[in-house]
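Participant: My structure is in structure_31.cif, and what it holds is mmCIF, C-alpha atoms:
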data_my_file
loop_
_atom_site.group_PDB
_atom_site.id
_atom_site.type_symbol
_atom_site.label_atom_id
_atom_site.label_comp_id
_atom_site.auth_asym_id
_atom_site.auth_seq_id
_atom_site.Cartn_x
_atom_site.Cartn_y
_atom_site.Cartn_z
ATOM 1 C CA MET A 1 14.290 30.031 -31.632
ATOM 2 C CA ILE A 2 13.338 27.218 -29.257
ATOM 3 C CA GLU A 3 14.844 26.991 -25.782
ATOM 4 C CA ILE A 4 14.061 24.333 -23.166
ATOM 5 C CA ARG A 5 15.020 25.147 -19.582
ATOM 6 C CA SER A 6 13.595 25.666 -16.137
ATOM 7 C CA PRO A 7 11.664 28.904 -15.598
ATOM 8 C CA LYS A 8 13.873 31.637 -14.126
ATOM 9 C CA THR A 9 11.837 34.737 -13.364
ATOM 10 C CA THR A 10 8.698 35.206 -11.307
ATOM 11 C CA ALA A 11 6.784 35.927 -14.516
ATOM 12 C CA GLU A 12 8.070 32.703 -16.115
ATOM 13 C CA TRP A 13 7.074 30.647 -13.065
ATOM 14 C CA GLU A 14 3.616 32.226 -13.091
ATOM 15 C CA ALA A 15 3.240 31.391 -16.795
ATOM 16 C CA TYR A 16 4.496 27.839 -16.144
ATOM 17 C CA TYR A 17 1.889 27.145 -13.445
ATOM 18 C CA ASP A 18 -0.807 28.952 -15.410
ATOM 19 C CA LEU A 19 -0.225 26.708 -18.430
ATOM 20 C CA ARG A 20 -0.420 23.601 -16.221
ATOM 21 C CA TYR A 21 -3.681 24.879 -14.774
ATOM 22 C CA ARG A 22 -5.330 25.905 -18.049
ATOM 23 C CA ILE A 23 -4.535 22.655 -19.887
ATOM 24 C CA LEU A 24 -4.606 20.043 -17.117
ATOM 25 C CA ARG A 25 -7.041 21.331 -14.495
ATOM 26 C CA GLN A 26 -9.364 24.114 -15.643
ATOM 27 C CA PRO A 27 -11.316 22.027 -18.227
ATOM 28 C CA TRP A 28 -12.397 19.754 -15.353
ATOM 29 C CA ASN A 29 -13.370 22.630 -13.042
ATOM 30 C CA GLN A 30 -10.498 21.997 -10.657
ATOM 31 C CA PRO A 31 -9.182 24.793 -8.438
ATOM 32 C CA ARG A 32 -6.180 26.793 -9.627
ATOM 33 C CA SER A 33 -4.289 25.584 -6.547
ATOM 34 C CA SER A 34 -4.405 22.002 -7.884
ATOM 35 C CA ALA A 35 -1.782 22.903 -10.519
ATOM 36 C CA ILE A 36 0.862 23.368 -7.807
ATOM 37 C CA THR A 37 1.913 20.620 -5.398
ATOM 38 C CA PRO A 38 4.445 20.434 -2.541
ATOM 39 C CA GLU A 39 6.552 18.062 -4.676
ATOM 40 C CA ASP A 40 7.293 20.937 -7.068
ATOM 41 C CA ARG A 41 10.026 22.079 -4.671
ATOM 42 C CA ASN A 42 12.124 18.932 -5.217
ATOM 43 C CA ALA A 43 11.404 18.369 -8.902
ATOM 44 C CA ALA A 44 13.139 19.329 -12.130
ATOM 45 C CA HIS A 45 11.060 21.632 -14.296
ATOM 46 C CA PHE A 46 11.149 21.848 -18.073
ATOM 47 C CA ALA A 47 9.693 24.776 -19.976
ATOM 48 C CA LEU A 48 9.787 25.091 -23.753
ATOM 49 C CA PHE A 49 9.998 28.660 -24.970
ATOM 50 C CA GLU A 50 9.710 29.701 -28.597
ATOM 51 C CA ASP A 51 10.851 33.263 -29.183
ATOM 52 C CA HIS A 52 10.550 33.821 -25.420
ATOM 53 C CA LEU A 53 6.906 32.625 -25.353
ATOM 54 C CA LEU A 54 6.073 29.611 -23.194
ATOM 55 C CA LYS A 55 4.619 26.789 -25.290
ATOM 56 C CA ALA A 56 4.984 23.590 -23.222
ATOM 57 C CA VAL A 57 5.900 22.389 -19.730
ATOM 58 C CA ALA A 58 6.746 19.204 -17.828
ATOM 59 C CA ARG A 59 7.876 18.248 -14.353
ATOM 60 C CA VAL A 60 10.268 15.431 -13.452
ATOM 61 C CA ASP A 61 10.100 13.745 -10.060
ATOM 62 C CA PHE A 62 13.108 11.786 -8.830
ATOM 63 C CA MET A 63 12.613 8.223 -7.598
ATOM 64 C CA GLU A 64 16.180 7.728 -6.403
ATOM 65 C CA LYS A 65 15.754 4.336 -4.709
ATOM 66 C CA GLU A 66 14.440 2.893 -7.964
ATOM 67 C CA ARG A 67 16.780 4.888 -10.238
ATOM 68 C CA LYS A 68 13.817 6.194 -12.191
ATOM 69 C CA ILE A 69 12.243 9.503 -12.935
ATOM 70 C CA GLN A 70 8.541 10.130 -13.279
ATOM 71 C CA VAL A 71 7.324 12.694 -15.787
ATOM 72 C CA ARG A 72 4.292 14.618 -14.597
ATOM 73 C CA PHE A 73 2.252 17.686 -15.527
ATOM 74 C CA VAL A 74 3.057 17.611 -19.252
ATOM 75 C CA ALA A 75 1.096 20.381 -20.943
ATOM 76 C CA VAL A 76 1.268 22.031 -24.353
ATOM 77 C CA GLU A 77 -0.575 25.230 -25.263
ATOM 78 C CA ALA A 78 -3.846 24.282 -26.966
ATOM 79 C CA ASP A 79 -3.164 26.304 -30.112
ATOM 80 C CA VAL A 80 0.131 24.510 -30.814
ATOM 81 C CA GLN A 81 -0.728 20.932 -29.870
ATOM 82 C CA GLY A 82 0.309 18.498 -32.590
ATOM 83 C CA LYS A 83 3.147 20.746 -33.820
ATOM 84 C CA GLY A 84 6.038 18.859 -32.192
ATOM 85 C CA TYR A 85 6.494 20.855 -28.982
ATOM 86 C CA GLY A 86 5.576 17.904 -26.763
ATOM 87 C CA LYS A 87 8.044 15.696 -28.617
ATOM 88 C CA LYS A 88 10.839 18.261 -28.220
ATOM 89 C CA LEU A 89 10.043 18.574 -24.518
ATOM 90 C CA MET A 90 10.067 14.805 -23.962
ATOM 91 C CA LYS A 91 13.348 14.455 -25.865
ATOM 92 C CA ALA A 92 14.850 17.027 -23.471
ATOM 93 C CA VAL A 93 13.576 14.996 -20.506
ATOM 94 C CA GLU A 94 15.097 11.839 -21.997
ATOM 95 C CA GLN A 95 18.415 13.625 -22.552
ATOM 96 C CA PHE A 96 18.305 14.772 -18.919
ATOM 97 C CA ALA A 97 17.772 11.155 -17.807
ATOM 98 C CA SER A 98 20.619 9.938 -19.980
ATOM 99 C CA GLU A 99 23.032 12.634 -18.767
ATOM 100 C CA ASN A 100 22.181 11.742 -15.154
ATOM 101 C CA ASN A 101 22.525 7.969 -15.664
ATOM 102 C CA ILE A 102 18.853 7.369 -14.961
ATOM 103 C CA PRO A 103 17.884 4.244 -16.918
ATOM 104 C CA ASP A 104 14.090 4.370 -16.641
ATOM 105 C CA ILE A 105 11.397 6.965 -17.217
ATOM 106 C CA ILE A 106 7.845 6.325 -16.080
ATOM 107 C CA LEU A 107 4.703 8.368 -16.496
ATOM 108 C CA GLU A 108 0.974 8.094 -16.060
ATOM 109 C CA ALA A 109 -0.582 9.196 -19.365
ATOM 110 C CA ARG A 110 -4.097 10.355 -19.948
ATOM 111 C CA GLU A 111 -5.920 8.067 -22.352
ATOM 112 C CA ASN A 112 -5.832 10.605 -25.196
ATOM 113 C CA ALA A 113 -2.032 10.994 -24.811
ATOM 114 C CA VAL A 114 -1.193 7.266 -24.970
ATOM 115 C CA PRO A 115 -0.664 7.256 -28.783
ATOM 116 C CA PHE A 116 1.742 10.202 -28.444
ATOM 117 C CA TYR A 117 3.890 8.402 -25.872
ATOM 118 C CA LEU A 118 3.749 5.130 -27.840
ATOM 119 C CA SER A 119 5.134 7.051 -30.842
ATOM 120 C CA LEU A 120 8.108 8.086 -28.671
ATOM 121 C CA GLY A 121 8.893 4.490 -27.687
ATOM 122 C CA TYR A 122 7.114 4.296 -24.344
ATOM 123 C CA VAL A 123 5.311 1.048 -23.558
ATOM 124 C CA LEU A 124 2.116 0.464 -21.619
ATOM 125 C CA THR A 125 2.754 -1.284 -18.318
ATOM 126 C CA ASN A 126 -0.497 -1.031 -16.366
ATOM 127 C CA GLN A 127 -3.875 0.648 -15.991
ATOM 128 C CA GLY A 128 -3.629 3.810 -13.933
ATOM 129 C CA LYS A 129 -6.137 5.749 -11.900
ATOM 130 C CA LEU A 130 -9.256 7.582 -12.966
ATOM 131 C CA LEU A 131 -8.511 11.286 -12.472
ATOM 132 C CA PHE A 132 -11.358 13.645 -11.585
ATOM 133 C CA GLU A 133 -13.684 10.627 -11.893
ATOM 134 C CA SER A 134 -13.558 10.956 -15.683
ATOM 135 C CA ILE A 135 -10.040 10.741 -17.162
ATOM 136 C CA PRO A 136 -8.528 7.238 -17.503
ATOM 137 C CA HIS A 137 -4.768 7.088 -17.042
ATOM 138 C CA PHE A 138 -2.248 4.440 -18.075
ATOM 139 C CA TRP A 139 1.205 3.716 -16.675
ATOM 140 C CA MET A 140 3.926 3.825 -19.328
ATOM 141 C CA GLU A 141 7.678 3.314 -19.223
ATOM 142 C CA LYS A 142 10.736 3.784 -21.382
ATOM 143 C CA LYS A 143 14.253 2.458 -20.893
ATOM 144 C CA ILE A 144 16.931 5.004 -21.731
#
Show me the file's structure as structure tokens.
Facilitator:
Amino acid sequence: MIEIRSPKTTAEWEAYYDLRYRILRQPWNQPRSSAITPEDRNAAHFALFEDHLLKAVARVDFMEKERKIQVRFVAVEADVQGKGYGKKLMKAVEQFASENNIPDIILEARENAVPFYLSLGYVLTNQGKLLFESIPHFWMEKKI
């Protein structure tokens, strides 16, 4: 059974941040603390659980003046990448945007993730930054 929701327990939050760290920071020798930011307090958090095991995560930042949300920190467990968990997670984010009358979703995708987001209907809008001096990013957007 798949469930997508915000983490609830201390153990779920620890697993959530650990997944972000292991997939998005550790391979580039970044400190564990880089997986948590002050903006986490005001964000919406999405965690995909399959049979109570965390498989994927994402954070949504609110850009209220622009009526947009920005998706950040999308991570899927390495052993299940390519199995549809990221797609399910992004569909939940899009449903959240729709239910909250938010017409635009933006994100800054790593170069290797661009084809994934294109397959979900996101469009490239601009070159992004170079993260950790080695990972090209690209701004993408989708109208809901």
Participant: What does the structure give for the distance between atom CA of Ile106 of chain A and atom CA of Lys68 of chain A, in Å to one decimal?
Facilitator: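 According to the coordinates, atom CA of Ile106 of chain A and atom CA of Lys68 of chain A are separated by 7.1 Å.
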Participant: Would you pick out the contacts of Glu50 of chain A at 6 Å or less, using all atoms listed in the file, so that residues sharing its chain but fewer than 3 positions from it are not included, and give the list as a ChimeraX atom specification?
Facilitator: /A:1-2,53
Participant: Spell out the residues picked by the PyMOL selection byres ((chain A and resi 70) around 12) here, as a VMD selection string.
Facilitator: chain A and resid 39 43 to 45 58 to 64 66 to 69 71 to 74 90 93 to 94 97 102 to 109 139 to 142
Participant: Between A:Pro7, A:His52, A:Asn126, A:Ala78, single out the one closest to Pro27 of chain A, counting all atoms listed in the file.
Facilitator: A:Ala78
Participant: Between atom CA of Asn101 of chain A and atom CA of Val57 of chain A, what is the spacing in Å?
Facilitator: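 Going from atom CA of Val57 of chain A over to atom CA of Asn101 of chain A, I get 22.4 Å.
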Participant: Between A:Asp51, A:Arg41, A:Ile144, A:Asp79, which one has atoms that come closest to Gln95 of chain A, using all atoms listed in the file?
Facilitator: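 Checking each candidate against Gln95 of chain A, we get A:Ile144 as the closest.
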Participant: Just the number, please: distance in Å from atom CA of Ser6 of chain A to atom CA of Ala47 of chain A, one decimal.
Facilitator: 5.5 Å
